[in-house]
>>> print(open('entry_17.txt').read())   # compact mmCIF, C-alpha atoms
# COMPACT_ATOMS: atom_id res chain seq x y z
CA MET A 1 265.08 127.54 52.51
CA ILE A 2 265.92 130.85 50.85
CA LYS A 3 265.90 133.83 53.19
CA LYS A 4 265.98 137.60 52.69
CA SER A 5 269.35 137.67 54.42
CA HIS A 6 270.79 135.68 51.51
CA PHE A 7 269.85 138.46 49.09
CA ARG A 8 271.23 141.14 51.41
CA ARG A 9 274.57 139.35 51.71
CA SER A 10 274.69 138.91 47.92
CA LEU A 11 274.17 142.63 47.34
CA VAL A 12 276.92 143.42 49.84
CA GLN A 13 279.29 141.13 47.97
CA PHE A 14 278.44 142.77 44.63
CA ARG A 15 279.09 146.25 46.03
CA THR A 16 282.33 145.08 47.62
CA HIS A 17 283.70 143.66 44.35
CA PRO A 18 282.19 145.81 41.55
CA LEU A 19 284.81 144.94 38.90
CA ARG A 20 284.42 141.20 39.46
CA THR A 21 280.64 141.55 39.35
CA ALA A 22 280.82 143.59 36.14
CA LEU A 23 283.00 140.99 34.45
CA ALA A 24 280.59 138.23 35.44
CA LEU A 25 277.67 140.30 34.13
CA LEU A 26 279.46 141.03 30.85
CA GLY A 27 279.49 137.40 29.73
CA MET A 28 275.75 137.06 30.29
CA VAL A 29 274.96 140.43 28.68
CA LEU A 30 276.87 139.47 25.54
CA GLY A 31 275.29 136.02 25.37
CA VAL A 32 271.69 137.17 25.84
CA SER A 33 272.06 140.22 23.59
CA SER A 34 273.44 137.93 20.86
CA VAL A 35 270.38 135.69 21.07
CA VAL A 36 267.89 138.58 21.08
CA GLY A 37 269.68 140.55 18.37
CA MET A 38 270.18 137.62 15.99
CA VAL A 39 266.65 136.28 16.35
CA SER A 40 265.15 139.78 15.94
CA ILE A 41 267.10 140.34 12.73
CA GLY A 42 266.17 136.85 11.50
CA GLU A 43 262.49 137.43 12.31
CA GLY A 44 262.63 140.74 10.46
CA ALA A 45 264.10 139.02 7.41
CA GLN A 46 261.31 136.43 7.56
CA ARG A 47 258.62 139.13 7.63
CA GLU A 48 260.31 140.97 4.77
CA ILE A 49 260.21 137.78 2.70
CA ILE A 50 256.49 137.37 3.39
CA ALA A 51 255.86 141.04 2.52
CA SER A 52 257.76 140.63 -0.77
CA ILE A 53 255.69 137.59 -1.69
CA GLU A 54 252.49 139.40 -0.76
CA ALA A 55 253.62 142.25 -3.02
CA LEU A 56 253.60 139.77 -5.92
CA GLY A 57 250.16 138.55 -4.92
CA GLY A 58 249.98 135.67 -2.49
CA ASP A 59 247.18 133.94 -4.41
CA VAL A 60 248.66 134.44 -7.89
CA VAL A 61 250.66 132.08 -10.08
CA HIS A 62 253.03 133.85 -12.47
CA ILE A 63 254.43 132.45 -15.71
CA LYS A 64 257.56 134.34 -16.69
CA ALA A 65 259.24 134.10 -20.10
CA LYS A 66 262.87 133.01 -20.02
CA ASP A 67 265.51 135.01 -21.86
CA ILE A 68 266.54 132.92 -24.88
CA PRO A 69 269.88 133.67 -26.60
CA ASP A 70 269.49 134.76 -30.23
CA GLU A 71 271.46 131.79 -31.53
CA ARG A 72 269.09 129.35 -29.80
CA ILE A 73 265.93 131.07 -31.01
CA THR A 74 266.58 129.80 -34.53
CA GLU A 75 266.68 126.24 -33.15
CA ILE A 76 263.38 126.38 -31.28
CA VAL A 77 261.31 128.90 -33.22
CA ASN A 78 259.58 126.17 -35.22
CA ASP A 79 258.48 124.42 -32.01
CA SER A 80 257.58 127.37 -29.80
CA ARG A 81 256.60 130.98 -30.23
CA GLY A 82 257.23 131.87 -26.59
CA LEU A 83 254.61 133.13 -24.17
CA ASN A 84 251.54 134.48 -25.96
CA ARG A 85 247.89 135.28 -25.35
CA ASN A 86 246.77 131.97 -26.84
CA ASP A 87 248.50 130.24 -23.90
CA ILE A 88 246.08 131.96 -21.53
CA LEU A 89 243.00 130.60 -23.30
CA ALA A 90 244.48 127.11 -23.58
CA LEU A 91 245.48 126.96 -19.90
CA GLN A 92 242.11 128.23 -18.67
CA ALA A 93 240.38 125.59 -20.77
CA THR A 94 242.69 122.80 -19.56
CA VAL A 95 243.83 123.49 -15.98
CA PRO A 96 241.12 123.58 -13.29
CA GLY A 97 241.19 126.23 -10.59
CA LEU A 98 242.64 129.09 -12.66
CA GLY A 99 240.74 132.33 -12.12
CA GLU A 100 241.24 135.83 -13.48
CA SER A 101 244.27 136.38 -15.66
CA THR A 102 246.42 139.26 -16.82
CA TYR A 103 249.55 139.71 -18.87
CA ALA A 104 252.30 142.19 -19.63
CA ARG A 105 255.28 142.83 -21.82
CA TRP A 106 258.11 145.16 -20.89
CA THR A 107 260.88 146.80 -22.82
CA ASN A 108 263.43 149.56 -22.47
CA LEU A 109 262.39 153.13 -23.19
CA GLY A 110 263.67 154.50 -26.47
CA VAL A 111 262.89 157.99 -27.73
CA SER A 112 261.13 160.19 -25.17
CA ASP A 113 260.86 163.74 -23.89
CA LEU A 114 260.74 162.63 -20.25
CA PRO A 115 262.91 165.00 -18.18
CA THR A 116 265.03 162.13 -16.91
CA ALA A 117 267.54 159.58 -18.18
CA THR A 118 265.76 156.90 -20.20
CA TYR A 119 268.20 154.02 -19.66
CA ASN A 120 266.66 153.15 -16.29
CA VAL A 121 263.02 153.49 -17.39
CA LYS A 122 260.88 150.51 -18.39
CA ILE A 123 257.85 150.49 -20.66
CA VAL A 124 255.26 148.03 -19.31
CA ALA A 125 252.65 147.13 -21.90
CA ALA A 126 249.96 145.87 -19.55
CA GLU A 127 246.51 144.38 -19.63
CA PRO A 128 244.51 146.56 -17.19
CA ARG A 129 243.74 143.76 -14.69
CA LEU A 130 247.48 143.81 -13.94
CA PHE A 131 246.83 146.58 -11.39
CA GLU A 132 244.48 144.43 -9.34
CA ILE A 133 246.24 141.08 -9.70
CA HIS A 134 249.79 142.43 -9.14
CA LYS A 135 248.53 144.64 -6.28
CA LEU A 136 249.52 147.95 -7.87
CA LYS A 137 248.00 150.83 -5.92
CA VAL A 138 247.44 154.24 -7.47
CA VAL A 139 248.05 157.22 -5.16
CA GLN A 140 247.21 159.91 -7.70
CA GLY A 141 244.67 159.79 -10.52
CA ARG A 142 243.45 156.39 -11.71
CA ALA A 143 244.63 153.02 -12.95
CA LEU A 144 244.34 151.83 -16.53
CA GLN A 145 240.86 150.64 -17.50
CA GLN A 146 239.48 148.11 -19.96
CA LEU A 147 238.16 150.95 -22.15
CA ASP A 148 241.74 152.28 -22.41
CA GLN A 149 242.73 148.86 -23.71
CA GLN A 150 239.72 148.46 -25.99
CA PHE A 151 239.98 151.88 -27.67
CA GLN A 152 243.80 152.02 -27.57
CA ARG A 153 243.78 155.27 -25.62
CA LYS A 154 247.09 157.08 -25.28
CA VAL A 155 247.22 157.18 -21.50
CA VAL A 156 249.90 156.04 -19.05
CA VAL A 157 250.46 155.46 -15.35
CA LEU A 158 253.89 156.38 -13.97
CA GLY A 159 255.81 154.54 -11.28
CA SER A 160 256.41 156.43 -8.04
CA GLU A 161 260.17 156.79 -8.44
CA LEU A 162 259.90 157.96 -12.05
CA ALA A 163 257.14 160.47 -11.27
CA ALA A 164 259.11 161.94 -8.35
CA ARG A 165 262.35 162.16 -10.33
CA ALA A 166 260.83 163.58 -13.52
CA TYR A 167 258.02 165.78 -12.22
CA ALA A 168 258.70 166.25 -8.49
CA GLY A 169 255.46 164.49 -7.61
CA ASN A 170 253.29 166.64 -9.89
CA ALA A 171 253.00 164.32 -12.89
CA LEU A 172 249.23 164.04 -13.16
CA GLY A 173 247.90 165.49 -16.43
CA LYS A 174 251.34 165.89 -18.01
CA ARG A 175 251.79 164.92 -21.67
CA ILE A 176 254.86 162.88 -22.51
CA ARG A 177 256.29 161.52 -25.74
CA LEU A 178 257.04 157.82 -25.95
CA GLY A 179 258.46 156.84 -29.31
CA TYR A 180 256.64 159.08 -31.75
CA ALA A 181 253.30 159.39 -29.95
CA TYR A 182 252.14 161.58 -27.09
CA PHE A 183 250.50 160.14 -23.99
CA GLU A 184 248.66 161.68 -21.03
CA VAL A 185 249.64 160.76 -17.47
CA VAL A 186 246.40 159.66 -15.78
CA GLY A 187 247.85 158.07 -12.63
CA VAL A 188 250.87 157.60 -10.36
CA LEU A 189 251.62 154.36 -8.55
CA ALA A 190 252.37 153.94 -4.86
CA ALA A 191 255.95 152.83 -4.15
CA LYS A 192 256.59 149.09 -4.17
CA LYS A 193 259.23 147.46 -1.97
CA SER A 194 262.00 145.43 -3.54
CA GLY A 195 261.43 141.73 -3.92
CA GLY A 196 265.11 140.94 -3.30
CA ASP A 197 265.99 137.83 -5.28
CA LEU A 198 262.40 136.97 -6.22
CA PRO A 199 261.94 136.06 -9.90
CA LEU A 200 259.58 139.03 -10.32
CA ASP A 201 260.77 142.16 -8.55
CA PRO A 202 257.84 144.41 -7.50
CA GLU A 203 260.25 147.37 -7.44
CA LEU A 204 260.34 147.22 -11.26
CA TYR A 205 257.10 149.20 -11.31
CA ASN A 206 258.62 152.13 -9.41
CA ARG A 207 260.58 153.25 -12.47
CA SER A 208 258.09 152.18 -15.14
CA VAL A 209 255.69 153.77 -17.59
CA ILE A 210 252.62 151.54 -17.75
CA VAL A 211 250.75 151.68 -21.04
CA PRO A 212 247.64 149.76 -22.21
CA TYR A 213 248.92 146.67 -24.00
CA ASN A 214 247.05 147.24 -27.28
CA THR A 215 248.12 150.89 -27.36
CA ALA A 216 251.76 150.01 -26.74
CA ILE A 217 251.82 147.42 -29.51
CA GLU A 218 250.28 149.91 -31.94
CA GLU A 219 252.12 153.10 -30.99
CA ILE A 220 255.45 152.07 -29.41
CA ALA A 221 256.09 148.75 -31.20
CA VAL A 222 257.22 146.78 -28.14
CA ALA A 223 256.51 143.40 -29.79
CA ASP A 224 259.30 140.85 -29.75
CA ALA A 225 260.44 138.75 -32.69
CA TYR A 226 260.11 135.60 -30.57
CA LYS A 227 257.77 135.99 -27.61
CA GLU A 228 254.61 138.07 -27.36
CA LEU A 229 254.49 138.38 -23.57
CA ASP A 230 256.96 138.55 -20.67
CA VAL A 231 254.56 137.48 -17.93
CA ILE A 232 251.17 135.85 -17.55
CA SER A 233 249.48 135.81 -14.14
CA PHE A 234 246.57 133.68 -12.95
CA ARG A 235 244.69 134.17 -9.72
CA VAL A 236 243.83 131.02 -7.76
CA GLU A 237 241.76 130.40 -4.63
CA SER A 238 244.53 130.73 -2.03
CA LEU A 239 248.25 130.70 -1.36
CA GLY A 240 248.07 126.96 -0.77
CA GLN A 241 246.70 126.43 -4.29
CA THR A 242 249.57 128.17 -6.07
CA LEU A 243 251.93 125.19 -5.91
CA ILE A 244 249.16 122.83 -7.06
CA ALA A 245 248.44 125.13 -10.00
CA LYS A 246 252.14 125.31 -10.87
CA ARG A 247 252.39 121.51 -11.07
CA ALA A 248 249.32 121.39 -13.32
CA ILE A 249 250.37 124.26 -15.60
CA GLY A 250 253.91 123.02 -16.27
CA PRO A 251 253.20 119.93 -18.42
CA VAL A 252 250.35 121.63 -20.31
CA LEU A 253 252.40 124.70 -21.18
CA LYS A 254 255.41 122.61 -22.18
CA ALA A 255 253.21 120.65 -24.57
CA LEU A 256 251.82 123.89 -26.01
CA HIS A 257 255.40 125.06 -26.61
CA GLY A 258 256.47 121.91 -28.44
CA GLY A 259 258.44 120.51 -25.51
CA VAL A 260 260.51 123.67 -25.14
CA THR A 261 260.83 124.99 -21.57
CA ASP A 262 261.12 128.67 -22.46
CA PHE A 263 259.18 129.76 -19.39
CA GLU A 264 259.40 129.74 -15.59
CA ILE A 265 256.42 129.21 -13.30
CA ILE A 266 256.47 131.15 -10.04
CA ALA A 267 254.34 129.82 -7.16
CA PRO A 268 254.44 132.06 -4.05
CA GLU A 269 253.89 129.07 -1.74
CA GLU A 270 256.99 127.33 -3.11
CA ILE A 271 259.10 130.49 -2.77
CA LEU A 272 257.84 131.01 0.77
CA GLU A 273 258.66 127.44 1.80
CA LYS A 274 262.18 127.69 0.35
CA LYS A 275 262.76 131.01 2.10
CA ARG A 276 261.42 129.67 5.39
CA SER A 277 263.62 126.59 5.13
CA THR A 278 266.70 128.72 4.45
CA GLN A 279 265.79 131.13 7.24
CA ALA A 280 265.20 128.26 9.68
CA ILE A 281 268.68 126.88 8.98
CA LEU A 282 270.16 130.36 9.42
CA ASN A 283 268.26 130.84 12.69
CA VAL A 284 269.61 127.52 14.03
CA VAL A 285 273.15 128.60 13.18
CA LEU A 286 272.68 132.04 14.75
CA ILE A 287 271.07 130.66 17.90
CA SER A 288 273.82 128.03 18.20
CA ILE A 289 276.46 130.75 18.08
CA ALA A 290 274.53 132.77 20.65
CA ALA A 291 274.11 129.67 22.85
CA ILE A 292 277.88 129.20 22.81
CA SER A 293 278.18 132.80 24.01
CA LEU A 294 275.80 131.99 26.87
CA ILE A 295 277.81 128.90 27.81
CA VAL A 296 281.03 130.92 27.77
CA GLY A 297 279.32 133.50 29.95
CA GLY A 298 278.20 130.74 32.32
CA ILE A 299 281.75 129.38 32.56
CA GLY A 300 282.90 132.90 33.41
CA VAL A 301 280.31 133.12 36.18
CA MET A 302 281.41 129.73 37.52
CA ASN A 303 285.09 130.74 37.56
CA ILE A 304 284.35 133.98 39.36
CA MET A 305 282.15 132.18 41.91
CA LEU A 306 284.95 129.66 42.56
CA ALA A 307 287.39 132.51 43.09
CA ASN A 308 284.81 134.14 45.35
CA ILE A 309 284.63 131.00 47.48
CA MET A 310 288.43 130.93 47.96
CA GLU A 311 288.40 134.55 49.14
CA ARG A 312 285.47 134.00 51.49
CA ILE A 313 286.50 130.65 52.93
CA SER A 314 287.00 132.19 56.38
CA GLU A 315 283.49 133.66 56.25
CA ILE A 316 282.12 130.23 55.31
CA GLY A 317 283.93 128.63 58.24
CA LEU A 318 282.66 131.27 60.67
CA ARG A 319 279.06 130.92 59.51
CA ARG A 320 279.26 127.15 59.81
CA ALA A 321 280.75 127.51 63.30
CA VAL A 322 277.84 129.66 64.50
CA GLY A 323 275.23 127.22 63.20
CA ALA A 324 274.68 127.81 59.49
CA SER A 325 273.75 124.61 57.67
CA ARG A 326 275.31 123.34 54.46
CA ARG A 327 272.01 124.08 52.69
CA GLU A 328 272.17 127.74 53.75
CA ILE A 329 275.76 128.09 52.51
CA ARG A 330 274.82 126.41 49.22
CA ASN A 331 271.75 128.61 48.78
CA GLN A 332 273.78 131.75 49.50
CA PHE A 333 276.25 131.13 46.68
CA LEU A 334 273.61 129.79 44.31
CA ILE A 335 271.52 132.94 44.81
CA GLU A 336 274.55 135.11 44.05
CA SER A 337 275.12 133.23 40.79
CA VAL A 338 271.44 133.45 39.78
CA ILE A 339 271.26 137.18 40.58
CA ILE A 340 274.30 137.85 38.38
CA CYS A 341 272.72 135.94 35.51
CA PHE A 342 269.29 137.47 36.13
CA VAL A 343 270.60 141.03 35.99
CA GLY A 344 272.93 140.18 33.10
CA GLY A 345 270.01 138.64 31.20
CA ALA A 346 267.81 141.71 31.73
CA ILE A 347 270.56 144.05 30.54
CA GLY A 348 271.28 141.69 27.64
CA VAL A 349 267.65 141.79 26.47
CA VAL A 350 267.69 145.60 26.33
CA PHE A 351 271.14 145.62 24.72
CA GLY A 352 270.01 143.01 22.15
CA PHE A 353 267.07 145.18 21.09
CA VAL A 354 269.38 148.19 20.77
CA ILE A 355 271.89 146.21 18.68
CA SER A 356 269.20 144.85 16.34
CA PHE A 357 267.73 148.33 15.90
CA LEU A 358 271.14 149.82 15.07
CA VAL A 359 271.97 147.00 12.64
CA GLY A 360 268.57 147.37 10.96
CA TRP A 361 268.99 151.14 10.70
CA GLY A 362 272.59 150.97 9.49
CA PHE A 363 272.07 148.25 6.85
CA ASP A 364 268.47 149.13 5.93
CA LEU A 365 267.13 145.80 7.21
CA GLN A 366 263.72 145.11 8.63
CA VAL A 367 263.89 144.15 12.31
CA ALA A 368 261.10 142.46 14.25
CA PHE A 369 261.42 142.35 18.02
CA ALA A 370 260.75 138.71 18.84
CA TRP A 371 259.29 138.59 22.35
CA GLU A 372 259.57 134.80 22.33
CA ALA A 373 263.35 135.16 21.87
CA MET A 374 263.46 137.63 24.76
CA VAL A 375 261.61 135.26 27.12
CA VAL A 376 263.64 132.21 26.03
CA SER A 377 267.02 133.95 26.23
CA PHE A 378 266.16 135.51 29.60
CA GLY A 379 265.04 132.11 30.89
CA LEU A 380 268.26 130.56 29.58
CA SER A 381 270.33 133.15 31.39
CA VAL A 382 268.64 132.27 34.68
CA ALA A 383 269.09 128.56 33.91
CA VAL A 384 272.78 129.18 33.22
CA GLY A 385 273.01 130.82 36.65
CA VAL A 386 271.52 127.73 38.26
CA VAL A 387 273.56 125.20 36.26
CA PHE A 388 276.94 126.92 36.41
CA GLY A 389 276.41 128.21 39.92
CA SER A 390 275.46 124.83 41.37
CA TRP A 391 278.93 123.32 41.51
CA PRO A 392 280.58 126.33 43.20
CA ALA A 393 277.64 126.50 45.62
CA ILE A 394 277.87 122.79 46.46
CA ARG A 395 281.64 123.09 46.85
CA ALA A 396 281.20 126.00 49.24
CA SER A 397 278.69 124.01 51.30
CA GLN A 398 281.18 121.12 51.65
CA VAL A 399 284.00 123.26 53.10
CA ASN A 400 285.16 121.89 56.44
CA PRO A 401 284.49 124.62 59.05
CA VAL A 402 287.58 123.77 61.15
CA GLU A 403 289.89 123.94 58.14
CA ALA A 404 288.16 127.09 56.94
CA LEU A 405 288.76 128.85 60.28
CA GLN A 406 292.38 127.73 60.26
CA HIS A 407 292.70 129.12 56.71
CA GLY A 408 291.67 132.52 58.06
>>> encode(input="entry_17.txt", output="structure tokens")
Amino acid sequence: MIKKSHFRRSLVQFRTHPLRTALALLGMVLGVSSVVGMVSIGEGAQREIIASIEALGGDVVHIKAKDIPDERITEIVNDSRGLNRNDILALQATVPGLGESTYARWTNLGVSDLPTATYNVKIVAAEPRLFEIHKLKVVQGRALQQLDQQFQRKVVVLGSELAARAYAGNALGKRIRLGYAYFEVVGVLAAKKSGGDLPLDPELYNRSVIVPYNTAIEEIAVADAYKELDVISFRVESLGQTLIAKRAIGPVLKALHGGVTDFEIIAPEEILEKKRSTQAILNVVLISIAAISLIVGGIGVMNIMLANIMERISEIGLRRAVGASRREIRNQFLIESVIICFVGGAIGVVFGFVISFLVGWGFDLQVAFAWEAMVVSFGLSVAVGVVFGSWPAIRASQVNPVEALQHG
């Protein structure tokens, strides 16, 4: 039976040997903080992946044109004319489940009077539904409208980064020259976060000038000799339907393009599953490394407890001589081991959160504090105290009292 006196004796021992106690704590602090920190960073990466996919539109299938080398275009031009608006009509008539659609074409900015370097600016010739389907939010002014497309109005929406760099956030109503025509800025986009290695990077829009597609073709001449469009997007019922739609679109579009695969189909569900699979493997590796740290910490606790027994062998003999049972001796040393791991685990949890926050701040990573990891790692630290403290405790309880008194 565990008594209060066991805890009091343990605290006396810790105060008597502070350096030894600190060293025993250190192993557990490092082990637990490794688990918490690694899992928090991994969970943050997982949430960032989901946010990036949501930024593309979780219920949207994208068809992206592949870059074809000039020398190969001459080989395939008779079979395929690249992505074009006729593909949209054919796919909607053939593939079930495809909803609203939009499309865009982008190109580098040529002649302009924008007060900024043009080499990093993109012209996006967009069908107006692009704003809704690609989740582009306007923070100033308005988005492009169907009437802008229909009447080829000379209006544009600027990306957040471009508007801030060129007009210090006061771009609304400005007139800018693109090519040899003047356009009015009617809106400014909200900032989009980077999509990392996603096939479509939402951050592209931050430095873009978005122009109605028909206007851009007429006034800026962004048409390509091979392909008409860079991206076509279809909305489907849900995230789970995107992979089904991808499998249905692929054969139809390949047949439309004469057997030439000059396109890439992007299904958010497929990307998410690949990312989750990769992240799961990484989490297993990280947790395995952290578990090794916990085991090493547990071995350190066991070694220190064994050394503690050798120093206190006279005390053990005296307590046995005055009536203490083997169970009481065992419980005493086991409690000391568990307390060390308990306190080390608590400090490790706090330290792990601090480490993950500093790493996230220093490397601009998203960090999510995983409470499950905290509970599991804290529970493991206590379990380590029980497992690695059991043998020293049992060994202490088996000390012969007569020999122990003679040792003193």
>>> residues_around(input="entry_17.txt", residues="Arg207 of chain A", least_positions_apart="4", cutoff="7 Å", atoms="only C-alpha atoms", output="JSON, numbers by chain")
{"A": [121, 122, 159, 160, 161, 162]}
>>> write_last_selection(input="entry_17.txt", atoms="C-alpha atoms", output="mmCIF file, in the frame of the given file")
data_model
loop_
_atom_site.group_PDB
_atom_site.id
_atom_site.type_symbol
_atom_site.label_atom_id
_atom_site.label_comp_id
_atom_site.auth_asym_id
_atom_site.auth_seq_id
_atom_site.Cartn_x
_atom_site.Cartn_y
_atom_site.Cartn_z
ATOM 1 C CA VAL A 121 263.020 153.490 -17.390
ATOM 2 C CA LYS A 122 260.880 150.510 -18.390
ATOM 3 C CA GLY A 159 255.810 154.540 -11.280
ATOM 4 C CA SER A 160 256.410 156.430 -8.040
ATOM 5 C CA GLU A 161 260.170 156.790 -8.440
ATOM 6 C CA LEU A 162 259.900 157.960 -12.050
#
>>> closest_residue(input="entry_17.txt", among="A:Leu282, A:Leu89, A:Val402, A:Leu200", to="Gly57 of chain A", atoms="all atoms listed in the file")
A:Leu200
>>> closest_residue(input="entry_17.txt", among="A:Val35, A:Gly187, A:Ile123, A:Gly42", to="Ser377 of chain A", atoms="only C-alpha atoms")
A:Val35
>>> atom_distance(input="entry_17.txt", atom1="atom CA of Leu25 of chain A", atom2="atom CA of Cys341 of chain A")
6.7 Å
>>> residues_around(input="entry_17.txt", residues="Lys154 of chain A", least_positions_apart="3", cutoff="8 Å", atoms="only C-alpha atoms", output="MDAnalysis selection string")
chainID A and resid 148 182:184 211:212 215
>>> write_last_selection(input="entry_17.txt", atoms="C-alpha atoms", output="tab-separated table (two decimals), in the frame of the given file")
chain	number	residue	atom	x	y	z
A	148	ASP	CA	241.74	152.28	-22.41
A	182	TYR	CA	252.14	161.58	-27.09
A	183	PHE	CA	250.50	160.14	-23.99
A	184	GLU	CA	248.66	161.68	-21.03
A	211	VAL	CA	250.75	151.68	-21.04
A	212	PRO	CA	247.64	149.76	-22.21
A	215	THR	CA	248.12	150.89	-27.36
>>> residues_around(input="entry_17.txt", residues="segment 256-263 of chain A", least_positions_apart="2", cutoff="7 Å", atoms="only C-alpha atoms", output="ChimeraX atom specification")
/A:63-66,79-80,82,252-254,265
>>> write_last_selection(input="entry_17.txt", atoms="C-alpha atoms", output="PDB file, in the coordinates of the input")
ATOM      1  CA  ILE A  63     254.430 132.450 -15.710  1.00  0.00           C
ATOM      2  CA  LYS A  64     257.560 134.340 -16.690  1.00  0.00           C
ATOM      3  CA  ALA A  65     259.240 134.100 -20.100  1.00  0.00           C
ATOM      4  CA  LYS A  66     262.870 133.010 -20.020  1.00  0.00           C
ATOM      5  CA  ASP A  79     258.480 124.420 -32.010  1.00  0.00           C
ATOM      6  CA  SER A  80     257.580 127.370 -29.800  1.00  0.00           C
ATOM      7  CA  GLY A  82     257.230 131.870 -26.590  1.00  0.00           C
ATOM      8  CA  VAL A 252     250.350 121.630 -20.310  1.00  0.00           C
ATOM      9  CA  LEU A 253     252.400 124.700 -21.180  1.00  0.00           C
ATOM     10  CA  LYS A 254     255.410 122.610 -22.180  1.00  0.00           C
ATOM     11  CA  ILE A 265     256.420 129.210 -13.300  1.00  0.00           C
TER      12      ILE A 265
END
>>> atom_distance(input="entry_17.txt", atom1="atom CA of Tyr226 of chain A", atom2="atom CA of Asp70 of chain A")
9.4 Å
>>> residues_around(input="entry_17.txt", residues="Val60 of chain A", least_positions_apart="3", cutoff="7 Å", atoms="only C-alpha atoms", output="list in words")
Gly57, Ser233, Phe234, Arg235, Val236 and Thr242 of chain A
>>> closest_residue(input="entry_17.txt", among="A:Val139, A:Arg105, A:Ile292, A:Asp113", to="Lys174 of chain A", atoms="only C-alpha atoms")
A:Asp113
>>> residues_around(input="entry_17.txt", residues="Leu286 of chain A", least_positions_apart="6", cutoff="12 Å", atoms="all atoms listed in the file", output="PyMOL selection string")
chain A and resi 31+34-43+279-280+292-293
